[in-house]
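K.L.:
Supplied structure: final.txt, compact mmCIF, C-alpha atoms.
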```
# COMPACT_ATOMS: atom_id res chain seq x y z
CA MET A 36 -145.85 -180.14 69.73
CA SER A 37 -145.69 -182.50 66.79
CA GLU A 38 -142.34 -183.79 65.53
CA GLU A 39 -144.01 -184.70 62.25
CA LEU A 40 -142.68 -182.89 59.15
CA ILE A 41 -145.27 -181.88 56.56
CA ILE A 42 -144.28 -182.19 52.90
CA PHE A 43 -146.45 -180.45 50.30
CA THR A 44 -145.52 -181.38 46.75
CA HIS A 45 -146.69 -182.07 43.20
CA ASN A 46 -147.72 -185.48 41.80
CA ASP A 47 -145.24 -186.04 38.94
CA LEU A 48 -141.79 -187.55 38.38
CA ASP A 49 -140.02 -184.46 39.70
CA MET A 50 -142.03 -184.87 42.88
CA MET A 51 -140.76 -188.42 43.31
CA GLY A 52 -137.21 -187.14 42.93
CA CYS A 53 -137.90 -184.62 45.69
CA MET A 54 -139.35 -187.37 47.85
CA LEU A 55 -136.29 -189.59 47.36
CA ASN A 56 -133.94 -186.78 48.32
CA ILE A 57 -135.96 -185.64 51.31
CA ASN A 58 -136.36 -189.17 52.64
CA HIS A 59 -132.64 -189.84 52.12
CA ALA A 60 -131.68 -186.73 54.06
CA LEU A 61 -134.27 -186.63 56.84
CA ASN A 62 -134.97 -189.62 59.03
CA VAL A 63 -138.03 -188.12 60.69
CA LYS A 64 -141.75 -188.78 60.67
CA LYS A 65 -143.34 -187.21 57.60
CA LYS A 66 -146.82 -186.48 56.33
CA TYR A 67 -147.03 -186.03 52.55
CA PHE A 68 -149.69 -183.98 50.78
CA TYR A 69 -149.87 -184.04 46.95
CA THR A 70 -151.51 -181.66 44.51
CA ASN A 71 -152.42 -181.75 40.82
CA TYR A 72 -152.88 -177.94 40.95
CA VAL A 73 -156.61 -178.17 40.25
CA ASN A 74 -157.14 -179.24 43.86
CA ILE A 75 -154.80 -176.73 45.55
CA PRO A 76 -157.65 -175.05 47.52
CA GLU A 77 -158.78 -178.42 48.87
CA ILE A 78 -155.29 -179.64 49.75
CA VAL A 79 -154.31 -176.35 51.40
CA GLY A 80 -157.44 -176.59 53.52
CA ASN A 81 -156.54 -180.14 54.49
CA ILE A 82 -153.01 -179.10 55.44
CA GLU A 83 -154.25 -176.17 57.51
CA ALA A 84 -156.64 -178.45 59.41
CA HIS A 85 -153.84 -180.98 59.94
CA ILE A 86 -151.52 -178.29 61.33
CA LEU A 87 -154.18 -177.04 63.71
CA ALA A 88 -154.97 -180.56 64.91
CA ASN A 89 -151.37 -181.72 65.30
CA GLN A 90 -149.44 -178.53 66.06
CA ASN A 91 -146.83 -179.22 63.36
CA THR A 92 -143.92 -176.79 63.44
CA HIS A 93 -142.16 -177.36 60.10
CA MET A 94 -143.19 -177.84 56.48
CA ILE A 95 -141.36 -178.26 53.18
CA ILE A 96 -143.07 -177.12 49.99
CA THR A 97 -141.36 -178.33 46.85
CA ASP A 98 -142.24 -178.48 43.15
CA VAL A 99 -145.50 -176.60 43.77
CA SER A 100 -145.97 -173.23 42.12
CA PHE A 101 -148.13 -170.67 43.89
CA SER A 102 -147.48 -167.95 41.31
CA ASP A 103 -151.20 -167.68 40.51
CA ASN A 104 -152.37 -169.06 43.88
CA LYS A 105 -150.63 -166.62 46.22
CA ASP A 106 -153.56 -166.38 48.61
CA TYR A 107 -153.35 -170.10 49.32
CA LEU A 108 -149.65 -169.85 50.12
CA LYS A 109 -150.51 -167.00 52.48
CA GLN A 110 -153.12 -169.24 54.08
CA LEU A 111 -150.38 -171.75 54.93
CA TYR A 112 -147.90 -169.04 55.91
CA ASP A 113 -150.39 -167.47 58.30
CA THR A 114 -150.64 -170.67 60.33
CA GLY A 115 -147.23 -169.72 61.70
CA ILE A 116 -145.57 -172.95 60.63
CA ASN A 117 -141.92 -172.72 59.55
CA ILE A 118 -141.86 -173.20 55.77
CA THR A 119 -138.92 -174.20 53.60
CA TYR A 120 -139.84 -173.46 49.97
CA ILE A 121 -137.84 -175.29 47.26
CA ASP A 122 -139.00 -174.64 43.71
CA HIS A 123 -138.11 -173.76 40.12
CA HIS A 124 -141.27 -172.36 38.52
CA LEU A 125 -141.71 -168.81 37.22
CA TYR A 126 -142.86 -166.09 39.65
CA PRO A 127 -143.67 -162.38 39.42
CA ASP A 128 -140.96 -160.01 40.57
CA ASN A 129 -140.80 -159.62 44.36
CA PHE A 130 -143.31 -162.44 44.81
CA PHE A 131 -141.61 -163.80 47.93
CA ASP A 132 -141.32 -160.41 49.66
CA ALA A 133 -144.73 -161.06 51.19
CA PHE A 134 -143.29 -164.03 53.09
CA PRO A 135 -140.28 -162.65 54.98
CA ASN A 136 -140.09 -165.54 57.43
CA MET A 137 -140.17 -168.25 54.78
CA SER A 138 -136.90 -169.90 53.76
CA VAL A 139 -136.90 -169.73 49.95
CA HIS A 140 -134.59 -171.72 47.69
CA TRP A 141 -135.47 -170.96 44.08
CA ASP A 142 -133.68 -171.55 40.79
CA ASP A 143 -135.43 -171.91 37.44
CA THR A 144 -132.39 -173.54 35.81
CA LYS A 145 -132.73 -176.76 37.82
CA SER A 146 -135.48 -179.25 38.59
CA ALA A 147 -136.97 -179.34 42.06
CA THR A 148 -135.32 -182.76 42.42
CA MET A 149 -131.84 -181.34 41.82
CA LEU A 150 -132.55 -178.40 44.09
CA CYS A 151 -133.48 -180.84 46.86
CA TYR A 152 -130.36 -182.92 46.24
CA GLU A 153 -128.20 -179.84 46.61
CA PHE A 154 -130.15 -178.25 49.46
CA PHE A 155 -129.88 -181.34 51.64
CA ARG A 156 -126.24 -181.93 50.61
CA ASN A 157 -126.93 -185.52 49.73
CA ASP A 158 -123.84 -187.45 48.69
CA ASN A 159 -125.08 -190.78 47.35
CA PRO A 160 -123.65 -191.22 43.81
CA ASN A 161 -126.55 -193.36 42.62
CA LEU A 162 -129.06 -190.85 43.96
CA LEU A 163 -127.17 -188.12 42.10
CA LYS A 164 -127.38 -190.13 38.84
CA LEU A 165 -131.11 -190.66 39.30
CA SER A 166 -131.65 -187.01 40.26
CA THR A 167 -129.74 -185.98 37.14
CA LEU A 168 -131.95 -188.22 35.00
CA ILE A 169 -135.07 -186.62 36.47
CA ASP A 170 -133.50 -183.18 35.94
CA VAL A 171 -132.96 -184.01 32.26
CA TYR A 172 -136.62 -184.98 31.92
CA ASP A 173 -138.16 -182.15 33.89
CA LEU A 174 -136.13 -179.43 32.16
CA TRP A 175 -136.59 -181.13 28.78
CA GLN A 176 -132.88 -181.25 28.02
CA VAL A 177 -133.20 -182.62 24.50
CA ASP A 178 -129.47 -182.40 23.84
CA SER A 179 -128.61 -184.66 26.76
CA PRO A 180 -127.58 -188.24 25.94
CA TYR A 181 -129.96 -189.26 28.72
CA PHE A 182 -133.03 -187.56 27.26
CA ASP A 183 -134.63 -190.70 25.78
CA ILE A 184 -134.17 -192.79 28.91
CA SER A 185 -135.49 -189.93 31.01
CA GLN A 186 -138.68 -190.07 28.93
CA LEU A 187 -138.96 -193.78 29.60
CA LEU A 188 -138.42 -193.20 33.32
CA ASN A 189 -141.30 -190.74 33.34
CA ALA A 190 -143.56 -193.19 31.51
CA TYR A 191 -142.50 -195.97 33.90
CA TYR A 192 -143.29 -193.74 36.90
CA TRP A 193 -146.94 -193.36 35.94
CA ASN A 194 -147.48 -197.13 36.11
CA TYR A 195 -146.83 -197.39 39.85
CA ASP A 196 -147.87 -196.04 43.22
CA VAL A 197 -145.33 -193.33 43.98
CA VAL A 198 -144.68 -194.33 47.59
CA GLU A 199 -144.17 -197.98 46.71
CA LEU A 200 -141.93 -197.07 43.76
CA ALA A 201 -139.86 -194.63 45.82
CA ASN A 202 -139.40 -197.22 48.57
CA SER A 203 -138.40 -199.85 46.01
CA ILE A 204 -135.84 -197.55 44.40
CA LYS A 205 -134.40 -196.62 47.80
CA GLU A 206 -134.01 -200.31 48.69
CA LEU A 207 -132.15 -200.78 45.38
CA ASP A 208 -129.73 -198.01 46.43
CA TYR A 209 -131.34 -195.71 43.88
CA ASN A 210 -130.87 -198.00 40.89
CA LEU A 211 -133.72 -198.51 38.44
CA PRO A 212 -135.99 -201.49 39.20
CA PRO A 213 -135.23 -204.81 37.45
CA ASP A 214 -138.42 -204.70 35.38
CA PHE A 215 -137.59 -201.28 33.94
CA ALA A 216 -136.48 -202.59 30.54
CA SER A 217 -139.40 -204.99 30.01
CA VAL A 218 -142.03 -202.48 31.13
CA THR A 219 -140.64 -199.63 29.04
CA ASN A 220 -140.34 -201.85 25.95
CA GLU A 221 -144.08 -202.46 26.21
CA ILE A 222 -144.63 -198.73 26.68
CA LYS A 223 -142.64 -197.91 23.52
CA ASP A 224 -144.77 -200.36 21.52
CA LYS A 225 -147.91 -198.62 22.81
CA TRP A 226 -146.48 -195.24 21.83
CA ASP A 227 -145.74 -196.36 18.26
CA THR A 228 -149.23 -197.81 17.85
CA ALA A 229 -150.92 -194.73 19.28
CA ILE A 230 -148.99 -192.29 17.08
CA GLN A 231 -149.90 -194.28 13.96
CA GLN A 232 -153.56 -194.20 14.96
CA TYR A 233 -153.47 -190.48 15.66
CA GLU A 234 -151.93 -189.81 12.26
CA SER A 235 -154.48 -191.93 10.40
CA SER A 236 -157.45 -190.49 12.29
CA GLY A 237 -156.48 -186.86 11.72
CA ARG A 238 -155.92 -186.01 15.36
CA LEU A 239 -152.55 -184.43 14.60
CA LEU A 240 -152.93 -181.16 12.69
CA ARG A 241 -150.01 -179.01 11.55
CA ALA A 242 -150.17 -175.31 10.71
CA GLU A 243 -147.72 -172.41 10.80
CA GLY A 244 -144.95 -174.53 12.36
CA ILE A 245 -147.26 -175.68 15.14
CA THR A 246 -148.59 -179.19 15.69
CA PHE A 247 -151.95 -179.52 17.42
CA ALA A 248 -152.44 -182.90 19.06
CA PHE A 249 -156.06 -183.57 19.99
CA ILE A 250 -155.13 -186.46 22.25
CA ASP A 251 -155.05 -187.64 25.85
CA GLY A 252 -152.11 -186.78 28.05
CA GLU A 253 -150.75 -190.33 28.20
CA PHE A 254 -149.34 -190.16 24.67
CA PHE A 255 -148.57 -186.45 24.47
CA ASN A 256 -144.85 -186.70 25.19
CA PRO A 257 -143.94 -189.18 22.43
CA VAL A 258 -145.93 -187.10 19.94
CA LEU A 259 -144.20 -183.97 21.22
CA ILE A 260 -140.74 -185.47 20.80
CA ASN A 261 -141.42 -186.70 17.27
CA GLU A 262 -142.84 -183.38 16.14
CA MET A 263 -140.04 -181.27 17.59
CA ARG A 264 -137.40 -183.57 16.14
CA ASN A 265 -139.09 -182.96 12.81
CA GLY A 266 -138.60 -179.22 13.27
CA GLN A 267 -141.92 -177.96 14.60
CA ASP A 268 -141.66 -174.74 16.62
CA ALA A 269 -144.36 -175.75 19.08
CA VAL A 270 -146.62 -178.64 19.97
CA ILE A 271 -149.98 -178.00 21.57
CA GLY A 272 -151.95 -180.78 23.22
CA ILE A 273 -155.69 -180.20 23.55
CA ALA A 274 -157.40 -182.98 25.47
CA ASP A 275 -161.08 -183.82 25.75
CA THR A 276 -160.88 -182.62 29.38
CA GLY A 277 -160.07 -179.11 28.19
CA ILE A 278 -156.48 -179.32 29.41
CA VAL A 279 -154.17 -177.47 27.03
CA ARG A 280 -150.44 -178.27 27.06
CA VAL A 281 -148.24 -175.70 25.35
CA ARG A 282 -144.66 -176.75 24.60
CA ILE A 283 -142.23 -174.57 22.63
CA ASN A 284 -139.15 -175.90 20.89
CA LYS A 285 -136.05 -174.40 22.53
CA ASP A 286 -134.58 -173.93 19.05
CA ALA A 287 -137.59 -172.04 17.73
CA ASP A 288 -137.00 -168.46 16.61
CA ILE A 289 -139.19 -167.06 19.37
CA THR A 290 -137.85 -164.56 21.88
CA ASN A 291 -138.45 -164.87 25.63
CA GLU A 292 -140.42 -161.61 25.44
CA LYS A 293 -142.73 -163.19 22.87
CA LYS A 294 -143.06 -166.31 25.03
CA ASP A 295 -144.08 -164.08 27.94
CA GLU A 296 -146.71 -162.47 25.72
CA ILE A 297 -148.07 -165.87 24.67
CA ARG A 298 -148.34 -167.14 28.26
CA ASN A 299 -150.01 -163.92 29.36
CA ALA A 300 -152.49 -163.95 26.50
CA LEU A 301 -153.49 -167.57 26.98
CA THR A 302 -153.52 -167.79 30.78
CA GLY A 303 -153.79 -164.24 32.07
CA THR A 304 -150.27 -164.22 33.52
CA LYS A 305 -146.74 -164.54 32.18
CA ASP A 306 -145.60 -166.08 35.47
CA ILE A 307 -146.84 -169.61 35.02
CA GLY A 308 -145.07 -172.88 34.38
CA HIS A 309 -141.72 -172.57 32.62
CA MET A 310 -140.41 -170.48 29.75
CA ASN A 311 -140.99 -173.21 27.15
CA ALA A 312 -143.72 -175.23 28.83
CA PHE A 313 -146.99 -174.41 30.53
CA THR A 314 -150.43 -175.89 30.94
CA TYR A 315 -153.86 -174.37 31.38
CA LYS A 316 -157.52 -175.36 31.19
CA MET A 317 -160.03 -174.04 28.67
CA GLU A 318 -162.59 -171.85 30.43
CA HIS A 319 -165.52 -172.69 28.16
CA ALA A 320 -167.35 -175.86 27.19
CA VAL A 321 -165.17 -178.49 25.55
CA ASN A 322 -166.30 -179.86 22.20
CA SER A 323 -164.93 -180.16 18.66
CA ASP A 324 -165.78 -176.57 17.75
CA THR A 325 -164.34 -174.97 20.89
CA LYS A 326 -161.15 -177.02 20.62
CA ILE A 327 -160.65 -175.83 17.03
CA ASN A 328 -161.38 -172.26 18.13
CA GLU A 329 -158.79 -172.61 20.89
CA ALA A 330 -156.26 -173.81 18.30
CA LYS A 331 -157.00 -170.81 16.09
CA LYS A 332 -156.54 -168.48 19.05
CA ILE A 333 -153.19 -170.08 19.86
CA ILE A 334 -152.00 -169.73 16.26
CA GLY A 335 -152.93 -166.06 16.42
CA GLU A 336 -150.89 -165.52 19.57
CA PHE A 337 -147.84 -167.22 18.10
CA GLN A 338 -148.08 -165.13 14.94
```
Could you rewrite the structure in this file as structure tokens?

P.N.:
Amino acid sequence: MSEELIIFTHNDLDMMGCMLNINHALNVKKKYFYTNYVNIPEIVGNIEAHILANQNTHMIITDVSFSDNKDYLKQLYDTGINITYIDHHLYPDNFFDAFPNMSVHWDDTKSATMLCYEFFRNDNPNLLKLSTLIDVYDLWQVDSPYFDISQLLNAYYWNYDVVELANSIKELDYNLPPDFASVTNEIKDKWDTAIQQYESSGRLLRAEGITFAFIDGEFFNPVLINEMRNGQDAVIGIADTGIVRVRINKDADITNEKKDEIRNALTGTKDIGHMNAFTYKMEHAVNSDTKINEAKKIIGEFQ
């Protein structure tokens, strides 16, 4: 019987916060598996094979939504491994009834990082500050005084290997690394330059209170922040890969019922992502015409 704990998690900043909290609380051998959602079938298969080969008895799943991948969660559940599920994404009613032996800790008002901090009853004040910063970012708490620095922390995160960064932060007693200021100053300069180029090249289009950003994901957040601070109701990123990022301003005059309708119309389910933020992939070929058609469809759903 293996004493190794399996951790199945996402690949973003919230995931690193979960990692920091899990590693702080549990001094046991761990095997991490990461998903970008597109590869969930592959990763679930890898985990199942690993369980069968090593006879693992316990697994934590955190910051991974199976709302539209229920069969793959069942695939893991049916291995018989004990699963602790810590998450904050949207799910259909009674979703977890199919997994009576799974320990579920769910709350859509907190990040997975904060849920992990609370679940494991961690008590390090610096870890709490860092977890709070990640919570501000992941829940897009624009009214928080820490919102801007949380954006910089997210940008900083993507410049490093997550395991090395998490280990470095732990060694610093959960303080930010000494190069944080210099690295993020360079990042802010890149953001300013990119936004100016997008404006001049016509890759930011505004219609009906919505901004469409035909840009790569790296610069989506700074564009998003600028547009929402200028009063736009929604910002939609449409990348050359066909990835569509839908973000709704929390102050927009759009009801939750309407938001449910929009998510359902664009993705086939209302139980995806978060109330004001979700991502999906265009199903058809990606080119200039289809991206414009996708934008028109989105405008129609918002109207």

K.L.:
Between A:Tyr233, A:Trp141, A:Tyr315, A:Phe131, which has the minimum distance to Tyr112 of chain A (counting all atoms listed in the file)?

P.N.:
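Checking each of A:Tyr233, A:Trp141, A:Tyr315, A:Phe131 against Tyr112 of chain A, counting all atoms listed in the file, the winner is A:Phe131.
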
K.L.:
With all atoms listed in the file as the atoms that count, which of A:Ser203, A:Gly277, A:His85, A:Leu55 lies nearest to Met149 of chain A?

P.N.:
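The closest residue to Met149 of chain A is A:Leu55.
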
K.L.:
Which value, in Å to one decimal, gives the distance between atom CA of Thr148 of chain A and atom CA of Asn71 of chain A?

P.N.:
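Here the two named atoms are 17.2 Å from each other.
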
K.L.:
One decimal, Å: what's the distance from atom CA of Leu125 of chain A over to atom CA of His309 of chain A, could you say?

P.N.:
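One can read the atom CA of Leu125 of chain A to atom CA of His309 of chain A distance as 5.9 Å.
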
K.L.:
Considering all atoms listed in the file, state which residue in the set A:Pro135, A:Ile184, A:Asn202, A:Asn210 is at the smallest distance from Pro160 of chain A.

P.N.:
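Among the listed residues, the smallest separation from Pro160 of chain A belongs to A:Asn210.
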
K.L.:
Have a look at atom CA of Thr246 of chain A and atom CA of Val258 of chain A and let me know their distance in Å, one decimal.

P.N.:
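So the two atoms, atom CA of Thr246 of chain A and atom CA of Val258 of chain A, lie 9.4 Å apart.
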
K.L.:
Taking all heavy atoms as the atom set, what does segment 49-60 of chain A look like once completed, written as a CSV table (one decimal), in the coordinates of the input?

P.N.:
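Output file rebuild33.csv is given in full below:
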```
chain,number,residue,atom,x,y,z
A,49,ASP,N,-140.9,-185.4,38.9
A,49,ASP,CA,-140.0,-184.5,39.7
A,49,ASP,C,-140.4,-184.5,41.2
A,49,ASP,O,-139.5,-184.4,42.0
A,49,ASP,CB,-140.2,-183.0,39.2
A,49,ASP,CG,-139.1,-182.1,39.6
A,49,ASP,OD1,-138.0,-182.6,40.0
A,49,ASP,OD2,-139.2,-180.9,39.5
A,50,MET,N,-141.6,-184.7,41.5
A,50,MET,CA,-142.0,-184.9,42.9
A,50,MET,C,-141.4,-186.1,43.5
A,50,MET,O,-140.9,-186.1,44.6
A,50,MET,CB,-143.6,-185.0,43.0
A,50,MET,CG,-144.1,-185.3,44.4
A,50,MET,SD,-144.1,-187.1,44.7
A,50,MET,CE,-145.4,-187.6,43.6
A,51,MET,N,-141.4,-187.2,42.7
A,51,MET,CA,-140.8,-188.4,43.3
A,51,MET,C,-139.3,-188.2,43.6
A,51,MET,O,-138.7,-188.7,44.6
A,51,MET,CB,-140.9,-189.6,42.4
A,51,MET,CG,-140.4,-190.9,43.0
A,51,MET,SD,-140.5,-192.4,42.0
A,51,MET,CE,-139.1,-192.1,40.9
A,52,GLY,N,-138.6,-187.5,42.7
A,52,GLY,CA,-137.2,-187.1,42.9
A,52,GLY,C,-137.0,-186.3,44.2
A,52,GLY,O,-136.1,-186.6,45.0
A,53,CYS,N,-137.9,-185.4,44.4
A,53,CYS,CA,-137.9,-184.6,45.7
A,53,CYS,C,-138.1,-185.5,46.9
A,53,CYS,O,-137.4,-185.5,47.9
A,53,CYS,CB,-139.0,-183.5,45.7
A,53,CYS,SG,-138.8,-182.3,44.4
A,54,MET,N,-139.1,-186.4,46.8
A,54,MET,CA,-139.4,-187.4,47.8
A,54,MET,C,-138.1,-188.2,48.2
A,54,MET,O,-137.8,-188.4,49.3
A,54,MET,CB,-140.5,-188.3,47.5
A,54,MET,CG,-140.9,-189.4,48.5
A,54,MET,SD,-142.1,-190.5,47.9
A,54,MET,CE,-143.6,-189.5,48.0
A,55,LEU,N,-137.5,-188.8,47.1
A,55,LEU,CA,-136.3,-189.6,47.4
A,55,LEU,C,-135.2,-188.8,48.1
A,55,LEU,O,-134.5,-189.3,49.0
A,55,LEU,CB,-135.8,-190.1,46.0
A,55,LEU,CG,-136.6,-191.2,45.3
A,55,LEU,CD1,-136.1,-191.4,43.9
A,55,LEU,CD2,-136.6,-192.5,46.1
A,56,ASN,N,-135.0,-187.6,47.7
A,56,ASN,CA,-133.9,-186.8,48.3
A,56,ASN,C,-134.3,-186.4,49.7
A,56,ASN,O,-133.4,-186.4,50.6
A,56,ASN,CB,-133.6,-185.5,47.5
A,56,ASN,CG,-132.7,-185.9,46.3
A,56,ASN,OD1,-131.5,-186.0,46.5
A,56,ASN,ND2,-133.2,-185.9,45.1
A,57,ILE,N,-135.5,-186.0,50.0
A,57,ILE,CA,-136.0,-185.6,51.3
A,57,ILE,C,-135.9,-186.8,52.2
A,57,ILE,O,-135.4,-186.7,53.4
A,57,ILE,CB,-137.4,-185.1,51.3
A,57,ILE,CG1,-137.4,-183.7,50.6
A,57,ILE,CG2,-137.9,-184.9,52.7
A,57,ILE,CD1,-138.8,-183.2,50.3
A,58,ASN,N,-136.4,-188.0,51.8
A,58,ASN,CA,-136.4,-189.2,52.6
A,58,ASN,C,-134.9,-189.7,52.9
A,58,ASN,O,-134.6,-190.2,54.0
A,58,ASN,CB,-137.2,-190.3,52.0
A,58,ASN,CG,-138.7,-190.0,52.0
A,58,ASN,OD1,-139.1,-189.1,52.6
A,58,ASN,ND2,-139.4,-190.8,51.3
A,59,HIS,N,-134.0,-189.5,51.9
A,59,HIS,CA,-132.6,-189.8,52.1
A,59,HIS,C,-132.0,-189.0,53.2
A,59,HIS,O,-131.2,-189.5,54.0
A,59,HIS,CB,-131.9,-189.7,50.8
A,59,HIS,CG,-130.4,-190.1,50.9
A,59,HIS,ND1,-130.0,-191.4,50.9
A,59,HIS,CD2,-129.3,-189.3,51.0
A,59,HIS,CE1,-128.7,-191.5,51.0
A,59,HIS,NE2,-128.2,-190.2,51.1
A,60,ALA,N,-132.3,-187.7,53.2
A,60,ALA,CA,-131.7,-186.7,54.1
A,60,ALA,C,-132.3,-186.7,55.5
A,60,ALA,O,-131.6,-186.4,56.4
A,60,ALA,CB,-131.7,-185.3,53.4
```
